[in-house]
Amino acid sequence: MSIGPMDFVFPAELAEAFESELAAWDAADGTERLWNRDASLWTGRDEANWLAWLDVAERQLSDPARFPRFAAEVKARAFEDIVLLGMGGSSLCPEVLSFTFGRRAGFPRFSILDSTDPEQVLALDRRIDIAKTLFFVSSKSGSTLEPNVFFAYFFDRARQELGDAAGSHFIAITDPGSKMEKAAEQNGFWKTFYGEPKIGGRFSALSDFGMVPLAAMGVDVADFLLRSRSMAKECRLPGGQNPGVQLGVALGTAWKMGRDKLTIINEKGILDLGAWMEQLVAESTGKHGKAIIPVDREPLITPENYGADRVFAYIALEGETAFADDVAAIEAAGHPVIRITLRERMDLGQEFFRWEIATAVAGALMGINPFDQPDVEASKIETRKLTDEFEQTGELPAETARIADGGISLFCDDANAAALGLDETTSLNEALRRHLGRISAGDYFAVLAYLNMNAENETKLQEIRGSVLSRFGSATCLGFGPRFLHSTGQAYKGGANNGVFVQVTCDDAEDLAVPGQKYSFGIVKSAQARGDLDVLFERGRRAIRLHIAGDVSEALKRIGNIASGAE
């Protein structure tokens with residue numbers, strides 16, 4: 001099976017450096033060392049323990065009947081909905097698959113829950129018929145907070161509707177010996193599928209974490225894996241013929257030359273791939289003061305206004321050209337562009353593998369371990385401290401706003417307050433203008449929104465992002481919490497200190513209890529936001545929090561007006 005073409009349109013200096021790095025990779029037997037699991041290719045620590053994804057497609061194809069058999073079982077039970085409860089690596093790949101392939105005839109509608117926002121959980125609950133829904137609880141360790149509270153809530157709801165038959169509507173996808181495996185046994189789950197302990201979450205797309213949901217969507221998994229395997233074979237070739245190595249060397253070389261903002265432009269048919277790419281690239285490369293910052297779904301601007309810190313990746317299904325003229329203009333302006341074409345949607349698995357290889361290779365050029373995520377744990381620890389305190393005292397620690405103005409309050413630490421010159425006379429408008437004024441060449445701006453991830457909120461947040469992009473020309477990012485904590489959050493905390501952050505939180509119009517706990521979903525979300533911000537402060541990041549006490553839509557409109565300079 002053939003793979004789609006990839007082309008590099010680079011300015012002369014980058015093109016020359018790319019060829020030099022590619023020759024150096026081959027001279028050092030980089031590809032052979034990668035496939036031989038040689039940890040010295042990176043930092044010489046535990047990298048060899050995290051490379052089982054290299055040949056996972058081959059292992060999955062050893063029993064090709066397994067997935068169609070499961071798909072037939074799902075279809076026979078006539079569920080109306082499937083809901084995957086997960087976070088990060090366990091949910092982003094199924095999300096991309098669901099958006100890309102859509103609903104297949106005779107199979108259930110597929111949804112993902114990866115938010116602790118109570119409004120979002122309630123909206124899902126009200127949309128589905130519990131008695132006609134199959135739930136996947138997807139968690140490698142079984143100890144991740146979010147899948148556990150999702151499971152607690154929806155299993156309680158299933159018991160209310162189905163009684164002792166509740167477990168027959170649940171499937172676990174987890175690693176052997178995990179806490180989730182034990183929960184599945186105790187609660188009579190219909191099935192348990194197993195991941196591989198030597199495959200990290202963000203590299204698990206072709207393992208059962210991605211392929212079991214794909215089967216449940218009614219897609220031919222064997223065909224998908226065969227196409228993926230064809231990419232894996234190409235990625236065993238020397239660097240000059242190797243699509244994964246070429247891409248990784250390009251990213252690593254661009255990073256060395258200061259082009260550390262990977263700007264993703266995806267055509268509609270493959271649009272959601274960017275969400276998966278964000279986690280893979282950011283969580284793998286963002287550590288020890290280094291990072292490639294992925295920039296997904298950013299509004300396009302005049303090419304001449306982009307900085308020299310960008311490399312663009314343009315990915316399209318064959319025949320899609322909505323952004324073709326824009327990309328041509330970006331190339332003509334001298335910016336580096338990587339063009340990748342998928343012949344059809346079933347080739348998506350090829351891209352999963354190409355980008356996994358590329359990320360591993362880029363990590364080698366950057367001198368880091370691309371398979372750990374030290375700073376994700378920092379946020380988890382701070383969140384756990386806050387939820388534990390709530391369990392003991394019934395409330396979160398008190399905090400005092402620096403500014404309270406018209407239903408929007410501003411919070412920050414002493415260092416940021418001093419840098420912004422905040423005092424009792426500073427208005428919200430002035431404080432936000434000063435904060436945005438801290439953006440300089442080579443920086444990026446990120447909105448971290450702990451809000452309901454609905455279309456209205458996303459549109460308004462994208463407008464804020466677009467205003468900052470237009471005014472300052474810096475790369476911009478938008479992430480919804482808590483999902484970005486398991487994705488780009490690693491790079492924001494562990495990467496270079498070149499980010500300017502605005503966290504946005506809100507009061508919950510309606511909260512929702514977590515069965516078996518004193519804390520609610522609203523308390524969990526608040527603890528995650530505060531823990532996230534505390535770690536940003538601890539790392540000396542330029543960050544503030546804007547908390548909305550009233551109408552979210554009106555508050556976001558006001559923030560947007562300030563960001564655009566309209567008020």
# chains A, B, ... in the order shown; residues from 1 in each chain; ligands from 1
call {"tool": "residues_around", "arguments": {"residues": "Gly44 in chain A", "least_positions_apart": "6", "cutoff": "10 Å", "atoms": "only C-alpha atoms", "output": "CSV table (one decimal) with all heavy atoms, in the first residue's frame"}}
result
chain,number,residue,atom,x,y,z
A,38,ASP,N,17.7,1.7,21.1
A,38,ASP,CA,18.9,2.1,21.7
A,38,ASP,C,18.7,3.4,22.4
A,38,ASP,O,18.6,4.5,21.8
A,38,ASP,CB,20.0,2.3,20.6
A,38,ASP,CG,21.3,2.7,21.1
A,38,ASP,OD1,21.4,3.0,22.3
A,38,ASP,OD2,22.3,2.8,20.3
A,368,ILE,N,16.5,15.3,24.4
A,368,ILE,CA,15.6,15.1,25.5
A,368,ILE,C,15.0,13.7,25.4
A,368,ILE,O,15.2,13.0,24.4
A,368,ILE,CB,14.4,16.1,25.5
A,368,ILE,CG1,13.7,16.0,24.1
A,368,ILE,CG2,14.9,17.5,25.7
A,368,ILE,CD1,12.4,16.8,24.1
A,369,ASN,N,14.4,13.2,26.5
A,369,ASN,CA,13.6,12.0,26.5
A,369,ASN,C,12.2,12.3,26.1
A,369,ASN,O,11.4,12.9,26.8
A,369,ASN,CB,13.6,11.4,27.9
A,369,ASN,CG,12.8,10.1,28.0
A,369,ASN,OD1,12.1,9.7,27.1
A,369,ASN,ND2,12.9,9.5,29.2
call {"tool": "closest_atom_pairs", "arguments": {"of": "range 116-228 of chain A", "to": "range 477-486 of chain A", "cutoff": "10 Å", "atoms": "only C-alpha atoms", "output": "Markdown table"}}
result
| residue | atom | partner | partner_atom | distance |
| --- | --- | --- | --- | --- |
| A:Thr116 | CA | A:Pro482 | CA | 7.0 |
| A:Asp117 | CA | A:Gly481 | CA | 8.5 |
| A:Glu146 | CA | A:Pro482 | CA | 8.6 |
| A:Gly201 | CA | A:His486 | CA | 9.9 |
| A:Arg202 | CA | A:His486 | CA | 9.4 |
call {"tool": "closest_atom_pairs", "arguments": {"of": "range 263-352 of chain A", "to": "range 87-109 of chain A", "cutoff": "6 Å", "atoms": "only C-alpha atoms", "output": "CSV"}}
result
residue,atom,partner,partner_atom,distance
A:Asp272,CA,A:Val96,CA,5.3
A:Leu273,CA,A:Val96,CA,5.7
A:Trp276,CA,A:Leu92,CA,5.5
call {"tool": "closest_residue", "arguments": {"among": "A:Leu162, A:Met6, A:Ile171, A:Ala282", "to": "Asp375 in chain A", "atoms": "only C-alpha atoms"}}
result
A:Ala282
call {"tool": "select_by_dssp", "arguments": {"residues": "range 205-392 of chain A", "states": "strand (DSSP E or B)", "output": "list in words"}}
result
Lys261, Leu262, Thr263, Ile264, Ile265, Asn266, Lys287, Lys290, Ile293, Pro294, Val295, Asp296, Arg310, Val311, Phe312, Ala313, Tyr314, Ile315, Ala316, Leu317, Val337, Ile338, Arg339, Ile340, Thr341 and Leu342 of chain A
call {"tool": "closest_residue", "arguments": {"among": "A:Ala165, A:Leu145, A:Val376, A:Ala491", "to": "Gly286 in chain A", "atoms": "only C-alpha atoms"}}
result
A:Ala491
call {"tool": "closest_residue", "arguments": {"among": "A:His288, A:Arg545, A:Lys191, A:Lys518", "to": "Val149 in chain A", "atoms": "only C-alpha atoms"}}
result
A:Lys518
call {"tool": "residues_around", "arguments": {"residues": "Asp220 in chain A", "least_positions_apart": "6", "cutoff": "9 Å", "atoms": "only C-alpha atoms", "output": "PyMOL selection string"}}
result
chain A and resi 67-68+214+346
call {"tool": "write_last_selection", "arguments": {"atoms": "N, CA, C and O atoms", "output": "compact mmCIF listing (two decimals), in the first residue's frame"}}
result
# COMPACT_ATOMS: atom_id res chain seq x y z
N PHE A 67 -11.17 -7.68 15.98
CA PHE A 67 -11.90 -6.42 15.93
C PHE A 67 -13.25 -6.53 15.23
O PHE A 67 -14.25 -6.00 15.73
N PRO A 68 -13.34 -7.20 14.06
CA PRO A 68 -14.68 -7.33 13.47
C PRO A 68 -15.63 -8.15 14.33
O PRO A 68 -16.84 -7.90 14.34
N LEU A 214 -12.31 2.38 17.47
CA LEU A 214 -12.49 2.42 16.02
C LEU A 214 -13.36 1.27 15.55
O LEU A 214 -14.24 1.44 14.68
N MET A 346 -8.86 6.53 5.42
CA MET A 346 -8.33 5.29 6.00
C MET A 346 -6.81 5.33 6.16
O MET A 346 -6.24 4.47 6.83
call {"tool": "residues_around", "arguments": {"residues": "range 232-243 of chain A", "least_positions_apart": "3", "cutoff": "7 Å", "atoms": "only C-alpha atoms", "output": "ChimeraX atom specification"}}
result
/A:22,26,31,228-229,246-247,353-354
call {"tool": "closest_residue", "arguments": {"among": "A:Asn148, A:Ser284, A:Ser204, A:Thr174", "to": "Ala52 in chain A", "atoms": "only C-alpha atoms"}}
result
A:Ser204
call {"tool": "atom_distance", "arguments": {"atom1": "CA of Asp296 in chain A", "atom2": "CA of Gly531 in chain A"}}
result
24.6 Å
call {"tool": "closest_residue", "arguments": {"among": "A:Phe10, A:Gln517, A:Asp114, A:Ala123", "to": "Gln392 in chain A", "atoms": "only C-alpha atoms"}}
result
A:Gln517
call {"tool": "residues_around", "arguments": {"residues": "Ala566 in chain A", "least_positions_apart": "6", "cutoff": "12 Å", "atoms": "only C-alpha atoms", "output": "list in words"}}
result
Asn429, Arg433, Ile464, Ser467, Arg471, Lys557, Arg558, Ile559 and Gly560 of chain A
call {"tool": "decode", "arguments": {"residues": "range 119-130 of chain A", "atoms": "N, CA, C and O atoms", "output": "short mmCIF file (atom, residue, chain, number, x, y, z; two decimals), in the first residue's frame"}}
result
data_model
loop_
_atom_site.label_atom_id
_atom_site.label_comp_id
_atom_site.auth_asym_id
_atom_site.auth_seq_id
_atom_site.Cartn_x
_atom_site.Cartn_y
_atom_site.Cartn_z
N GLU A 119 -21.31 21.62 33.70
CA GLU A 119 -22.27 21.92 32.64
C GLU A 119 -22.10 20.97 31.46
O GLU A 119 -23.08 20.51 30.86
N GLN A 120 -20.85 20.64 31.16
CA GLN A 120 -20.59 19.75 30.04
C GLN A 120 -20.99 18.31 30.37
O GLN A 120 -21.54 17.60 29.52
N VAL A 121 -20.73 17.88 31.59
CA VAL A 121 -21.13 16.54 32.01
C VAL A 121 -22.65 16.41 31.98
O VAL A 121 -23.20 15.42 31.48
N LEU A 122 -23.33 17.42 32.49
CA LEU A 122 -24.79 17.40 32.51
C LEU A 122 -25.37 17.42 31.10
O LEU A 122 -26.37 16.73 30.82
N ALA A 123 -24.77 18.20 30.21
CA ALA A 123 -25.27 18.26 28.84
C ALA A 123 -25.19 16.89 28.17
O ALA A 123 -26.12 16.48 27.46
N LEU A 124 -24.12 16.17 28.42
CA LEU A 124 -23.99 14.81 27.87
C LEU A 124 -25.04 13.89 28.49
O LEU A 124 -25.72 13.14 27.78
N ASP A 125 -25.18 13.94 29.81
CA ASP A 125 -26.15 13.09 30.49
C ASP A 125 -27.56 13.30 29.94
O ASP A 125 -28.31 12.35 29.72
N ARG A 126 -27.90 14.56 29.70
CA ARG A 126 -29.25 14.87 29.22
C ARG A 126 -29.48 14.50 27.76
O ARG A 126 -30.62 14.35 27.32
N ARG A 127 -28.38 14.35 27.03
CA ARG A 127 -28.50 14.04 25.60
C ARG A 127 -28.66 12.56 25.33
O ARG A 127 -29.25 12.15 24.32
N ILE A 128 -28.14 11.71 26.22
CA ILE A 128 -28.14 10.27 25.96
C ILE A 128 -29.22 9.57 26.78
O ILE A 128 -29.70 10.08 27.79
N ASP A 129 -29.60 8.38 26.32
CA ASP A 129 -30.46 7.48 27.08
C ASP A 129 -29.52 6.45 27.72
O ASP A 129 -28.95 5.60 27.03
N ILE A 130 -29.36 6.55 29.03
CA ILE A 130 -28.41 5.68 29.75
C ILE A 130 -28.65 4.21 29.44
O ILE A 130 -27.71 3.42 29.25
#
